[in-house]
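Structure below is query_2.tsv: TSV, C-alpha atoms (C1' of nucleotides) and all ligand atoms.
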chain	number	residue	atom	x	y	z
A	45	MET	CA	0.00	0.00	0.00
A	46	GLU	CA	1.06	3.56	0.39
A	47	HIS	CA	3.07	3.99	3.56
A	48	THR	CA	4.41	2.29	6.64
A	49	PRO	CA	3.10	4.41	9.47
A	50	LEU	CA	4.93	5.35	12.60
A	51	ALA	CA	5.37	3.85	16.03
A	52	CYS	CA	7.20	0.81	14.79
A	53	SER	CA	10.29	2.61	13.60
A	54	HIS	CA	12.47	-0.41	14.16
A	55	HIS	CA	10.58	-3.34	12.74
A	56	ASP	CA	9.22	-4.21	9.33
A	57	HIS	CA	5.64	-3.47	9.96
A	58	GLY	CA	4.60	-4.71	6.57
A	59	HIS	CA	5.22	-8.20	7.90
A	60	CYS	CA	3.04	-7.55	10.93
A	61	ILE	CA	0.19	-6.77	8.59
A	62	THR	CA	0.60	-9.51	6.03
A	63	ASP	CA	1.29	-12.14	8.69
A	64	ALA	CA	-1.75	-11.09	10.69
A	65	LEU	CA	-4.01	-11.11	7.66
A	66	GLU	CA	-2.79	-14.49	6.49
A	67	ALA	CA	-3.21	-15.95	9.97
A	68	ALA	CA	-6.72	-14.52	10.12
A	69	ARG	CA	-7.64	-16.06	6.78
A	70	GLN	CA	-6.48	-19.50	7.79
A	71	LEU	CA	-8.11	-19.24	11.17
A	72	CYS	CA	-11.46	-18.38	9.67
A	73	VAL	CA	-11.25	-21.12	7.09
A	74	GLY	CA	-10.46	-23.57	9.87
A	75	ARG	CA	-13.43	-22.42	11.89
A	76	GLY	CA	-15.82	-22.30	8.97
A	77	VAL	CA	-16.60	-18.62	9.44
A	78	ARG	CA	-16.58	-16.04	6.69
A	79	LEU	CA	-13.84	-13.43	6.65
A	80	THR	CA	-15.61	-11.20	4.15
A	81	ASP	CA	-14.06	-8.33	2.20
A	82	LEU	CA	-15.38	-5.79	4.64
A	83	ARG	CA	-14.13	-7.66	7.69
A	84	LEU	CA	-10.75	-8.19	6.11
A	85	GLN	CA	-10.55	-4.54	5.16
A	86	VAL	CA	-11.34	-3.46	8.73
A	87	LEU	CA	-8.76	-5.86	10.09
A	88	GLU	CA	-6.20	-4.53	7.65
A	89	LEU	CA	-6.89	-0.94	8.64
A	90	ILE	CA	-6.58	-1.84	12.31
A	91	TRP	CA	-3.26	-3.48	11.68
A	92	GLN	CA	-1.78	-0.48	9.89
A	93	ASN	CA	-0.02	0.46	13.09
A	94	HIS	CA	0.27	-0.62	16.71
A	95	LYS	CA	-2.04	2.03	18.06
A	96	PRO	CA	-5.62	1.32	19.01
A	97	LEU	CA	-8.07	2.76	16.52
A	98	GLY	CA	-11.52	4.14	17.29
A	99	ALA	CA	-14.60	2.92	15.45
A	100	TYR	CA	-15.29	6.33	13.97
A	101	THR	CA	-11.73	6.84	12.79
A	102	LEU	CA	-12.01	3.46	11.17
A	103	MET	CA	-15.30	4.53	9.61
A	104	GLU	CA	-13.70	7.54	7.98
A	105	MET	CA	-10.85	5.41	6.68
A	106	LEU	CA	-13.33	2.97	5.22
A	107	ALA	CA	-15.32	5.75	3.62
A	108	LYS	CA	-12.18	7.21	2.10
A	109	ALA	CA	-10.95	3.84	0.83
A	110	ASN	CA	-14.31	2.93	-0.70
A	111	THR	CA	-15.24	6.43	-1.85
A	112	ARG	CA	-18.69	6.10	-0.37
A	113	ARG	CA	-20.34	6.68	2.95
A	114	VAL	CA	-20.05	4.02	5.64
A	115	ALA	CA	-22.46	4.06	8.56
A	116	PRO	CA	-21.64	3.10	12.17
A	117	PRO	CA	-23.44	-0.27	12.20
A	118	THR	CA	-21.33	-1.41	9.28
A	119	VAL	CA	-18.07	-0.96	11.10
A	120	TYR	CA	-19.40	-2.09	14.48
A	121	ARG	CA	-20.64	-5.34	12.99
A	122	ALA	CA	-17.28	-6.01	11.45
A	123	LEU	CA	-15.62	-5.19	14.77
A	124	ASP	CA	-18.00	-7.52	16.62
A	125	PHE	CA	-17.06	-10.34	14.29
A	126	LEU	CA	-13.35	-9.71	14.71
A	127	LEU	CA	-13.75	-9.54	18.49
A	128	GLU	CA	-15.70	-12.80	18.57
A	129	GLN	CA	-13.00	-14.52	16.56
A	130	GLY	CA	-10.30	-13.09	18.81
A	131	LEU	CA	-8.66	-11.31	15.90
A	132	ILE	CA	-8.76	-7.97	17.68
A	133	HIS	CA	-9.04	-6.72	21.25
A	134	ARG	CA	-11.01	-3.79	22.60
A	135	ILE	CA	-9.16	-1.25	24.75
A	136	ASN	CA	-11.81	0.05	27.13
A	137	LEU	CA	-9.61	2.88	28.35
A	138	LEU	CA	-9.59	4.37	24.85
A	139	ASN	CA	-12.81	3.09	23.30
A	140	ALA	CA	-10.60	1.67	20.61
A	141	PHE	CA	-9.55	-1.54	18.92
A	142	ILE	CA	-6.23	-3.19	18.16
A	143	GLY	CA	-5.11	-6.31	16.36
A	144	CYS	CA	-4.18	-9.42	18.28
A	145	PRO	CA	-0.84	-10.94	17.30
A	146	SER	CA	-1.81	-14.42	18.51
A	147	PRO	CA	-5.45	-14.97	17.70
A	148	SER	CA	-5.22	-18.73	17.47
A	149	THR	CA	-4.69	-19.23	21.20
A	150	LYS	CA	-7.38	-18.14	23.61
A	151	HIS	CA	-6.09	-15.62	26.12
A	152	GLN	CA	-6.96	-12.60	28.18
A	153	SER	CA	-6.60	-8.95	27.23
A	154	HIS	CA	-3.49	-7.50	28.90
A	155	PHE	CA	-2.03	-4.31	27.52
A	156	LEU	CA	0.60	-1.67	28.16
A	157	ILE	CA	-0.57	1.62	26.67
A	158	CYS	CA	1.77	4.58	26.17
A	159	ARG	CA	0.09	7.88	26.95
A	160	ALA	CA	2.67	9.76	24.86
A	161	CYS	CA	2.84	7.90	21.55
A	162	GLY	CA	-0.35	5.85	21.85
A	163	ILE	CA	1.22	2.49	21.18
A	164	ALA	CA	-0.45	-0.50	22.82
A	165	ILE	CA	1.72	-3.50	23.62
A	166	GLU	CA	-0.04	-6.78	24.27
A	167	LEU	CA	1.41	-8.83	27.10
A	168	ASN	CA	1.71	-12.58	26.90
A	169	GLN	CA	1.78	-13.65	30.53
A	170	PRO	CA	-0.30	-16.72	31.25
A	171	GLU	CA	1.09	-16.70	34.78
A	172	LEU	CA	-0.39	-13.29	35.37
A	173	SER	CA	-3.75	-14.53	34.11
A	174	GLN	CA	-3.49	-17.45	36.48
A	175	GLN	CA	-2.63	-15.29	39.44
A	176	ILE	CA	-5.63	-13.08	38.75
A	177	ILE	CA	-7.87	-16.13	38.54
A	178	GLY	CA	-6.44	-17.27	41.86
A	179	VAL	CA	-7.09	-13.96	43.56
A	180	ALA	CA	-10.64	-13.98	42.22
A	181	GLN	CA	-11.21	-17.54	43.42
A	182	ASP	CA	-10.19	-16.55	46.92
A	183	ALA	CA	-13.17	-14.19	46.79
A	184	GLY	CA	-15.43	-16.93	45.43
A	185	PHE	CA	-15.49	-15.16	42.08
A	186	GLN	CA	-15.67	-17.11	38.86
A	187	VAL	CA	-13.64	-15.36	36.17
A	188	GLU	CA	-14.89	-15.17	32.61
A	189	THR	CA	-12.87	-12.36	31.06
A	190	GLN	CA	-9.97	-10.18	32.16
A	191	SER	CA	-9.02	-6.73	30.99
A	192	LEU	CA	-5.75	-5.30	32.22
A	193	GLU	CA	-4.92	-1.87	30.87
A	194	VAL	CA	-1.70	-0.36	32.14
A	195	SER	CA	-1.07	3.25	31.23
A	196	GLY	CA	2.30	4.98	31.31
A	197	LEU	CA	5.31	5.56	29.10
A	198	CYS	CA	6.75	3.07	26.64
A	199	ALA	CA	10.50	2.48	26.45
A	200	ASN	CA	10.82	4.88	23.54
A	201	CYS	CA	8.92	7.72	25.10
A	202	ALA	CA	10.36	7.29	28.58
A	203	GLY	CA	13.84	7.41	27.06
A	204	ASN	CA	13.10	10.52	25.07
A	205	THR	CA	11.42	12.49	27.81
A	206	GLU	CA	13.77	11.73	30.66
A	207	HIS	CA	16.39	14.04	29.13
A	208	ASP	CA	14.16	16.85	27.93
A	209	GLY	CA	10.55	17.55	28.63
A	210	HIS	CA	9.18	17.55	25.11
A	211	GLU	CA	8.72	14.69	22.73
A	212	HIS	CA	10.25	14.53	19.29
A	213	GLY	CA	9.24	12.54	16.29
A	214	HIS	CA	6.47	10.59	17.90
A	215	GLY	CA	3.72	11.94	15.78
A	216	HIS	CA	1.04	11.68	18.43
A	217	GLY	CA	-0.97	14.28	16.61
A	218	HIS	CA	-4.67	14.58	16.08
A	219	GLU	CA	-5.52	11.28	14.49
B	175	MET	CA	-13.22	-0.59	57.42
B	176	GLU	CA	-14.06	-3.85	59.15
B	177	HIS	CA	-16.78	-4.98	56.78
B	178	THR	CA	-15.87	-7.17	53.88
B	179	PRO	CA	-17.40	-5.43	50.90
B	180	LEU	CA	-18.37	-8.71	49.35
B	181	ALA	CA	-21.82	-9.47	48.04
B	182	CYS	CA	-23.61	-6.93	50.08
B	183	SER	CA	-26.66	-9.00	50.88
B	184	HIS	CA	-25.45	-9.69	54.37
B	185	HIS	CA	-23.82	-6.54	55.66
B	186	ASP	CA	-25.12	-3.31	57.07
B	187	HIS	CA	-24.71	-1.12	54.10
B	188	GLY	CA	-25.70	1.97	56.02
B	189	HIS	CA	-22.30	1.76	57.67
B	190	CYS	CA	-20.56	1.55	54.32
B	191	ILE	CA	-22.13	4.85	53.40
B	192	THR	CA	-21.65	6.78	56.62
B	193	ASP	CA	-18.11	5.49	57.08
B	194	ALA	CA	-17.18	6.38	53.52
B	195	LEU	CA	-18.64	9.85	53.78
B	196	GLU	CA	-16.96	10.55	57.09
B	197	ALA	CA	-13.63	9.30	55.75
B	198	ALA	CA	-14.05	11.50	52.70
B	199	ARG	CA	-14.76	14.56	54.83
B	200	GLN	CA	-11.68	14.08	56.95
B	201	LEU	CA	-9.52	13.33	53.95
B	202	CYS	CA	-10.56	16.51	52.19
B	203	VAL	CA	-10.05	18.61	55.30
B	204	GLY	CA	-6.59	17.12	55.68
B	205	ARG	CA	-5.74	17.90	52.08
B	206	GLY	CA	-7.22	21.38	52.13
B	207	VAL	CA	-9.63	20.66	49.29
B	208	ARG	CA	-13.32	21.46	49.33
B	209	LEU	CA	-15.82	18.64	49.57
B	210	THR	CA	-18.78	20.80	48.61
B	211	ASP	CA	-22.45	19.93	49.02
B	212	LEU	CA	-22.71	18.83	45.43
B	213	ARG	CA	-19.61	16.67	45.58
B	214	LEU	CA	-20.72	15.11	48.83
B	215	GLN	CA	-24.15	14.45	47.42
B	216	VAL	CA	-22.69	12.73	44.37
B	217	LEU	CA	-20.41	10.63	46.56
B	218	GLU	CA	-23.35	9.66	48.74
B	219	LEU	CA	-25.41	8.60	45.74
B	220	ILE	CA	-22.53	6.55	44.42
B	221	TRP	CA	-22.19	4.79	47.75
B	222	GLN	CA	-25.83	3.80	47.90
B	223	ASN	CA	-24.84	0.35	46.78
B	224	HIS	CA	-21.85	-1.62	45.57
B	225	LYS	CA	-22.75	-1.36	41.92
B	226	PRO	CA	-21.04	1.08	39.59
B	227	LEU	CA	-23.28	3.97	38.63
B	228	GLY	CA	-23.31	5.79	35.30
B	229	ALA	CA	-23.00	9.56	35.09
B	230	TYR	CA	-26.42	9.96	33.56
B	231	THR	CA	-28.14	7.75	36.11
B	232	LEU	CA	-26.45	9.88	38.74
B	233	MET	CA	-27.69	12.98	36.95
B	234	GLU	CA	-31.28	11.81	37.16
B	235	MET	CA	-30.91	10.97	40.83
B	236	LEU	CA	-29.49	14.42	41.46
B	237	ALA	CA	-32.30	16.07	39.54
B	238	LYS	CA	-34.88	14.11	41.52
B	239	ALA	CA	-33.23	14.86	44.86
B	240	ASN	CA	-32.90	18.55	44.14
B	241	THR	CA	-36.15	18.92	42.23
B	242	ARG	CA	-34.43	20.83	39.48
B	243	ARG	CA	-32.57	20.06	36.31
B	244	VAL	CA	-28.92	19.06	36.47
B	245	ALA	CA	-26.77	19.22	33.35
B	246	PRO	CA	-23.98	16.80	32.41
B	247	PRO	CA	-21.04	19.12	33.15
B	248	THR	CA	-22.26	19.51	36.70
B	249	VAL	CA	-22.08	15.85	37.49
B	250	TYR	CA	-18.92	15.26	35.44
B	251	ARG	CA	-17.08	17.99	37.33
B	252	ALA	CA	-18.06	16.47	40.63
B	253	LEU	CA	-16.95	13.07	39.37
B	254	ASP	CA	-13.63	14.51	38.20
B	255	PHE	CA	-13.00	15.92	41.65
B	256	LEU	CA	-13.86	12.64	43.36
B	257	LEU	CA	-11.62	10.75	40.95
B	258	GLU	CA	-8.72	13.14	41.54
B	259	GLN	CA	-9.08	12.69	45.26
B	260	GLY	CA	-9.24	8.92	44.91
B	261	LEU	CA	-12.68	8.82	46.52
B	262	ILE	CA	-14.15	6.92	43.59
B	263	HIS	CA	-12.87	4.75	40.75
B	264	ARG	CA	-13.98	4.65	37.18
B	265	ILE	CA	-14.96	1.28	35.69
B	266	ASN	CA	-14.10	1.60	32.01
B	267	LEU	CA	-15.86	-1.60	31.12
B	268	LEU	CA	-19.18	-0.07	32.20
B	269	ASN	CA	-18.61	3.64	31.77
B	270	ALA	CA	-19.51	3.91	35.42
B	271	PHE	CA	-18.22	4.98	38.80
B	272	ILE	CA	-17.96	3.33	42.20
B	273	GLY	CA	-16.85	4.39	45.65
B	274	CYS	CA	-13.40	3.47	46.92
B	275	PRO	CA	-13.39	1.87	50.37
B	276	SER	CA	-9.81	2.93	51.10
B	277	PRO	CA	-9.27	6.37	49.58
B	278	SER	CA	-6.54	7.40	52.00
B	279	THR	CA	-3.96	5.02	50.57
B	280	LYS	CA	-2.87	5.40	46.97
B	281	HIS	CA	-3.49	2.25	44.98
B	282	GLN	CA	-4.42	0.90	41.62
B	283	SER	CA	-7.88	0.13	40.28
B	284	HIS	CA	-8.47	-3.63	40.45
B	285	PHE	CA	-12.04	-4.89	40.30
B	286	LEU	CA	-14.10	-8.05	40.07
B	287	ILE	CA	-17.36	-7.25	38.30
B	288	CYS	CA	-20.33	-9.61	38.32
B	289	ARG	CA	-22.13	-9.70	35.00
B	290	ALA	CA	-25.28	-11.05	36.66
B	291	CYS	CA	-25.92	-8.77	39.64
B	292	GLY	CA	-23.64	-5.90	38.69
B	293	ILE	CA	-21.69	-5.76	41.92
B	294	ALA	CA	-18.09	-4.54	41.68
B	295	ILE	CA	-15.66	-5.80	44.28
B	296	GLU	CA	-12.44	-3.87	44.69
B	297	LEU	CA	-9.36	-6.02	45.22
B	298	ASN	CA	-6.66	-5.06	47.63
B	299	GLN	CA	-3.60	-6.88	46.32
B	300	PRO	CA	-0.45	-4.80	46.39
B	301	GLU	CA	1.46	-7.88	45.31
B	302	LEU	CA	-0.55	-8.06	42.13
B	303	SER	CA	0.19	-4.40	41.46
B	304	GLN	CA	3.86	-5.10	42.00
B	305	GLN	CA	3.86	-8.07	39.69
B	306	ILE	CA	2.24	-6.01	36.97
B	307	ILE	CA	4.84	-3.29	37.43
B	308	GLY	CA	7.52	-5.95	37.14
B	309	VAL	CA	6.13	-7.36	33.93
B	310	ALA	CA	5.92	-3.86	32.50
B	311	GLN	CA	9.48	-3.07	33.51
B	312	ASP	CA	10.70	-6.13	31.67
B	313	ALA	CA	9.29	-4.45	28.57
B	314	GLY	CA	10.94	-1.15	29.47
B	315	PHE	CA	7.55	0.30	30.23
B	316	GLN	CA	7.11	2.85	33.01
B	317	VAL	CA	3.77	2.31	34.74
B	318	GLU	CA	1.63	5.22	35.81
B	319	THR	CA	-1.83	3.74	36.29
B	320	GLN	CA	-3.30	0.27	36.22
B	321	SER	CA	-6.85	-0.79	35.49
B	322	LEU	CA	-7.76	-4.42	36.01
B	323	GLU	CA	-11.38	-5.27	35.29
B	324	VAL	CA	-12.29	-8.90	35.73
B	325	SER	CA	-15.73	-9.90	34.57
B	326	GLY	CA	-17.58	-13.04	35.61
B	327	LEU	CA	-19.89	-14.30	38.34
B	328	CYS	CA	-19.68	-13.32	42.00
B	329	ALA	CA	-19.97	-15.94	44.75
B	330	ASN	CA	-23.65	-15.24	45.14
B	331	CYS	CA	-24.57	-15.45	41.51
B	332	ALA	CA	-22.33	-18.40	40.73
B	333	GLY	CA	-23.94	-20.26	43.63
B	334	ASN	CA	-27.44	-19.50	42.48
B	335	THR	CA	-26.95	-20.35	38.84
B	336	GLU	CA	-24.91	-23.50	39.16
B	337	HIS	CA	-27.97	-25.55	40.12
B	338	ASP	CA	-30.48	-24.17	37.65
B	339	GLY	CA	-29.96	-22.12	34.57
B	340	HIS	CA	-32.06	-19.10	35.41
B	341	GLU	CA	-31.53	-16.51	38.09
B	342	HIS	CA	-33.92	-15.76	40.92
B	343	GLY	CA	-34.17	-12.70	43.09
B	344	HIS	CA	-31.15	-10.94	41.76
B	345	GLY	CA	-32.88	-7.79	40.83
B	346	HIS	CA	-30.59	-7.12	37.93
B	347	GLY	CA	-33.40	-5.34	36.24
B	348	HIS	CA	-33.48	-1.91	34.72
B	349	GLU	CA	-32.10	0.21	37.52
C	69	DA	C1'	-15.02	46.09	50.38
C	70	DT	C1'	-12.78	44.24	46.62
C	71	DA	C1'	-10.17	41.32	43.59
C	72	DG	C1'	-8.98	36.83	42.21
C	73	DA	C1'	-9.88	32.03	42.23
C	74	DA	C1'	-12.75	28.18	42.51
C	75	DA	C1'	-17.13	26.10	41.84
C	76	DG	C1'	-21.32	25.61	39.62
C	77	DG	C1'	-25.00	26.80	35.84
C	78	DT	C1'	-26.28	26.80	30.87
C	79	DT	C1'	-26.18	25.85	26.09
C	80	DA	C1'	-24.54	23.49	22.50
C	81	DT	C1'	-22.01	19.95	20.44
C	82	DA	C1'	-18.83	16.05	19.89
C	83	DG	C1'	-18.00	11.09	20.32
C	84	DA	C1'	-19.47	6.24	20.91
C	85	DG	C1'	-22.77	2.66	20.27
C	86	DT	C1'	-27.35	0.39	19.07
C	87	DA	C1'	-32.31	-0.58	17.44
C	88	DA	C1'	-35.09	-1.52	13.74
C	89	DC	C1'	-35.92	-2.47	9.34
C	90	DA	C1'	-34.70	-3.03	4.27
C	91	DT	C1'	-31.78	-5.11	0.83
C	92	DA	C1'	-28.26	-8.00	-1.16
C	93	DG	C1'	-25.54	-12.18	-1.50
C	94	DC	C1'	-24.67	-16.77	-0.49
C	95	DA	C1'	-25.99	-21.42	0.77
C	96	DG	C1'	-28.45	-25.99	0.38
C	97	DG	C1'	-32.33	-28.56	-1.31
C	98	DA	C1'	-36.28	-29.54	-4.60
D	91	DT	C1'	-32.14	-24.39	-12.30
D	92	DC	C1'	-35.15	-22.03	-9.13
D	93	DC	C1'	-36.64	-21.50	-4.75
D	94	DT	C1'	-35.85	-20.70	0.08
D	95	DG	C1'	-33.75	-19.48	4.21
D	96	DC	C1'	-29.70	-17.62	6.33
D	97	DT	C1'	-26.01	-14.47	6.75
D	98	DA	C1'	-24.07	-10.11	5.80
D	99	DT	C1'	-24.53	-5.44	4.66
D	100	DG	C1'	-27.05	-0.87	3.88
D	101	DT	C1'	-29.87	2.85	5.90
D	102	DT	C1'	-32.17	5.76	9.11
D	103	DA	C1'	-32.78	7.27	13.32
D	104	DC	C1'	-31.84	7.30	17.87
D	105	DT	C1'	-29.63	6.66	22.71
D	106	DC	C1'	-25.92	7.11	25.75
D	107	DT	C1'	-21.53	9.21	27.17
D	108	DA	C1'	-18.59	13.16	27.52
D	109	DT	C1'	-16.69	17.85	26.71
D	110	DA	C1'	-16.20	22.89	24.98
D	111	DA	C1'	-17.27	27.45	25.79
D	112	DC	C1'	-19.09	30.91	28.26
D	113	DC	C1'	-21.45	33.02	32.15
D	114	DT	C1'	-22.77	33.59	37.12
D	115	DT	C1'	-22.21	32.61	41.84
D	116	DT	C1'	-19.60	31.70	45.91
D	117	DC	C1'	-15.63	31.49	48.53
D	118	DT	C1'	-11.15	33.35	50.17
D	119	DA	C1'	-7.65	36.49	51.16
D	120	DT	C1'	-6.09	41.01	51.44
E	1	ZN	ZN	-4.39	-11.05	22.00
E	2	ZN	ZN	5.41	5.84	23.65
E	3	ZN	ZN	-9.81	2.00	45.68
E	4	ZN	ZN	-23.44	-11.35	41.27
Turn the structure described in the file into structure tokens.
Ligand SMILES: [Zn+2]
Ligand SMILES: [Zn+2]
Ligand SMILES: [Zn+2]
Ligand SMILES: [Zn+2]
Amino acid sequence: MEHTPLACSHHDHGHCITDALEAARQLCVGRGVRLTDLRLQVLELIWQNHKPLGAYTLMEMLAKANTRRVAPPTVYRALDFLLEQGLIHRINLLNAFIGCPSPSTKHQSHFLICRACGIAIELNQPELSQQIIGVAQDAGFQVETQSLEVSGLCANCAGNTEHDGHEHGHGHGHE
Amino acid sequence: MEHTPLACSHHDHGHCITDALEAARQLCVGRGVRLTDLRLQVLELIWQNHKPLGAYTLMEMLAKANTRRVAPPTVYRALDFLLEQGLIHRINLLNAFIGCPSPSTKHQSHFLICRACGIAIELNQPELSQQIIGVAQDAGFQVETQSLEVSGLCANCAGNTEHDGHEHGHGHGHE
DNA sequence: ATAGAAAGGTTATAGAGTAACATAGCAGGA
DNA sequence: TCCTGCTATGTTACTCTATAACCTTTCTAT
């Protein structure tokens, strides 16, 4: 496509996208569910960087890409499908959505979210999940889903701002 | 402070409220901030049970109690104050707010939320907070706030539904 | 008293999500 | 093939959540 957007300055983000899309395709075939054009397009847009994307931002991107109006239910239905299949996660803190790098294995939603650059890093810590389940069990609580959203500064942004107070080159603008 | 804020069917909730309000008063005096009538009223409404309350529900309750219209900014400003002072927490999963039973000690927001009865139980697990900080540090991430929202069934509801499929007497109606 | 700051009131609008119903596209079976 | 039902998408309208901007009131300190 046109560009490799920001955030991931140090890795080939094109691979993130193509790998994720290919994995999604195979997963859906295996499950007998339909990864339609629209759903694939939404997933692709979400994967364009590592920042969570709001439904309305996504809507505008869709409208632009398809040169016609797209209404909220259209994008929300696609998002619902992707959530059900575990292909994306919802970040409640931001009312936004982000691609899951390991959709084939069921897991909980644990994220580190940088307040400076907006990147969201998914944790892969089954032990943490287990500890949370244990704590809940001690209270007689039966866990169904977990959402851990840690806010702060990512390695990049912490490094940049500990020397001087203002960020450079992070592009956390108005998108 | 002595009550276990679990499944509030069996504890004197009047004490929850009066204790919380008295603690809030003293805390604000100590900090030199103003717990105004409005703010106190909002806090009191929030403490009326252990379920998170939405801003608009709160708005209606305020309007009814004061027999005059209350606009969104009014309640949101009160909520912002209470959040800043740590007197309440925000549950992102529900877009709702709940009273904090231990506002005098700084801590993270860790909740068990029952999808059946709506109760939200705040965890008090500094070790869990520490473990999360540790995991983040391994990724070079500098933690500022944590939000853990675990959804599932509380002891009460799990007990009631494990014998038969449908709930009884839970009152998770339209309030 | 008076000035400045903090809090609250008012209006309007932005942002996020859903209900309800209509249409289109894809199946499987006669 | 045509029919039929199911799934996905389009469309309109609406609800719920949250904030911007501006004004008035109340508190506080001098
Ligand atoms: Zn994931
Ligand atoms: Zn960052
Ligand atoms: Zn608390
Ligand atoms: Zn319950």
Write out as JSON lines the residues of region 179-237 of chain B that have any atom within 8 Å of an atom of region 262-284 of chain B, one row each with the nearest atom pair and its distance in Å to one decimal, counting all atoms listed in the file, sorted by chain and then rising number.
{"residue": "B:Ala194", "atom": "CA", "partner": "B:Pro275", "partner_atom": "CA", "distance": 6.7}
{"residue": "B:Ala198", "atom": "CA", "partner": "B:Pro277", "partner_atom": "CA", "distance": 7.7}
{"residue": "B:Leu201", "atom": "CA", "partner": "B:Ser278", "partner_atom": "CA", "distance": 6.9}
{"residue": "B:Leu217", "atom": "CA", "partner": "B:Gly273", "partner_atom": "CA", "distance": 7.2}
{"residue": "B:Ile220", "atom": "CA", "partner": "B:Ile272", "partner_atom": "CA", "distance": 6.0}
{"residue": "B:Trp221", "atom": "CA", "partner": "B:Gly273", "partner_atom": "CA", "distance": 5.8}
{"residue": "B:His224", "atom": "CA", "partner": "B:Ile272", "partner_atom": "CA", "distance": 7.1}
{"residue": "B:Lys225", "atom": "CA", "partner": "B:Ile272", "partner_atom": "CA", "distance": 6.7}
{"residue": "B:Pro226", "atom": "CA", "partner": "B:Ile272", "partner_atom": "CA", "distance": 4.6}
{"residue": "B:Leu227", "atom": "CA", "partner": "B:Ala270", "partner_atom": "CA", "distance": 5.0}
{"residue": "B:Gly228", "atom": "CA", "partner": "B:Ala270", "partner_atom": "CA", "distance": 4.2}
{"residue": "B:Ala229", "atom": "CA", "partner": "B:Ala270", "partner_atom": "CA", "distance": 6.6}
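Checking C:DA87, C:DA98, C:DA80, C:DA74 one by one against chain A, counting only C-alpha atoms (C1' of nucleotides), you find the shortest gap at C:DA87.
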Q | Length of the CA of Asn298 (chain B) to CA of Gln175 (chain A) vector [Å] | A | 13.7 Å
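Pocket residues of ligand ZN 4 (chain E), taken as those with any atom at most 8 Å away using all atoms listed in the file, are Ala181, Ile287, Cys288, Arg289, Ala290, Cys291, Gly292, Ile293, Leu327, Cys328, Ala329, Asn330, Cys331, Ala332 and His344 of chain B.
Sharing one sequence, chain B and chain A superpose at an RMSD of 3.3 Å, with all Cα atoms paired in order.
Note that CA of Thr241 (chain B) and C1' of DT115 (chain D) are 19.5 Å apart.
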To test the calculation: enclose all listed atoms of region 132-150 of chain A in a box whose edges run along x, y and z, add 5 Å on each side, then state centre and edge lengths in Å to one decimal, as lines of an AutoDock Vina configuration file.
center_x = -6.8
center_y = -7.4
center_z = 22.4
size_x = 22.0
size_y = 33.6
size_z = 22.0
Q) Would you list which chain B residues are within 6 Å of chain A using all atoms listed in the file, as an NGL selection string? A) :B and (266-267 or 314-329)
Output of the above residues as a CSV table (one decimal), keeping the file's coordinate frame, restricted to C-alpha atoms:
chain,number,residue,atom,x,y,z
B,266,ASN,CA,-14.1,1.6,32.0
B,267,LEU,CA,-15.9,-1.6,31.1
B,314,GLY,CA,10.9,-1.2,29.5
B,315,PHE,CA,7.6,0.3,30.2
B,316,GLN,CA,7.1,2.8,33.0
B,317,VAL,CA,3.8,2.3,34.7
B,318,GLU,CA,1.6,5.2,35.8
B,319,THR,CA,-1.8,3.7,36.3
B,320,GLN,CA,-3.3,0.3,36.2
B,321,SER,CA,-6.8,-0.8,35.5
B,322,LEU,CA,-7.8,-4.4,36.0
B,323,GLU,CA,-11.4,-5.3,35.3
B,324,VAL,CA,-12.3,-8.9,35.7
B,325,SER,CA,-15.7,-9.9,34.6
B,326,GLY,CA,-17.6,-13.0,35.6
B,327,LEU,CA,-19.9,-14.3,38.3
B,328,CYS,CA,-19.7,-13.3,42.0
B,329,ALA,CA,-20.0,-15.9,44.8
With a distance cut-off of 12 Å and only C-alpha atoms (C1' of nucleotides), select the neighbouring residues of DT81 (chain C), excluding the residue or stretch itself and same-chain residues fewer than 5 positions from it, and output the selection as a short mmCIF file (atom, residue, chain, number, x, y, z; two decimals) with C-alpha atoms (C1' of nucleotides), keeping the file's coordinate frame.
data_model
loop_
_atom_site.label_atom_id
_atom_site.label_comp_id
_atom_site.auth_asym_id
_atom_site.auth_seq_id
_atom_site.Cartn_x
_atom_site.Cartn_y
_atom_site.Cartn_z
"C1'" DA D 108 -18.59 13.16 27.52
"C1'" DT D 109 -16.69 17.85 26.71
"C1'" DA D 110 -16.20 22.89 24.98
"C1'" DA D 111 -17.27 27.45 25.79
#
Q | Test item: chain D residues at most 10 Å from chain A, counting only C-alpha atoms (C1' of nucleotides), as a PyMOL selection string | A | chain D and resi 97-102
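For DT120 (chain D), the list of residues within 12 Å, based on only C-alpha atoms (C1' of nucleotides) and with local chain neighbours fewer than 3 positions off taken out, reads DA69, DT70, DA71 and DG72 of chain C.
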Q: To one decimal in Å, tell me the separation between CA of Gln70 (chain A) and CA of Gln129 (chain A).
A: 12.0 Å
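The list of chain C residues within 9 Å of chain B is C:DA75, C:DG76, C:DG77, C:DT78; this uses only C-alpha atoms (C1' of nucleotides).
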**Q.** Residue contacts of region 93-95 of chain D (12 Å, all atoms listed in the file) excluding same-chain residues fewer than 3 positions away, as a PyMOL selection string
**A.** chain C and resi 94-98
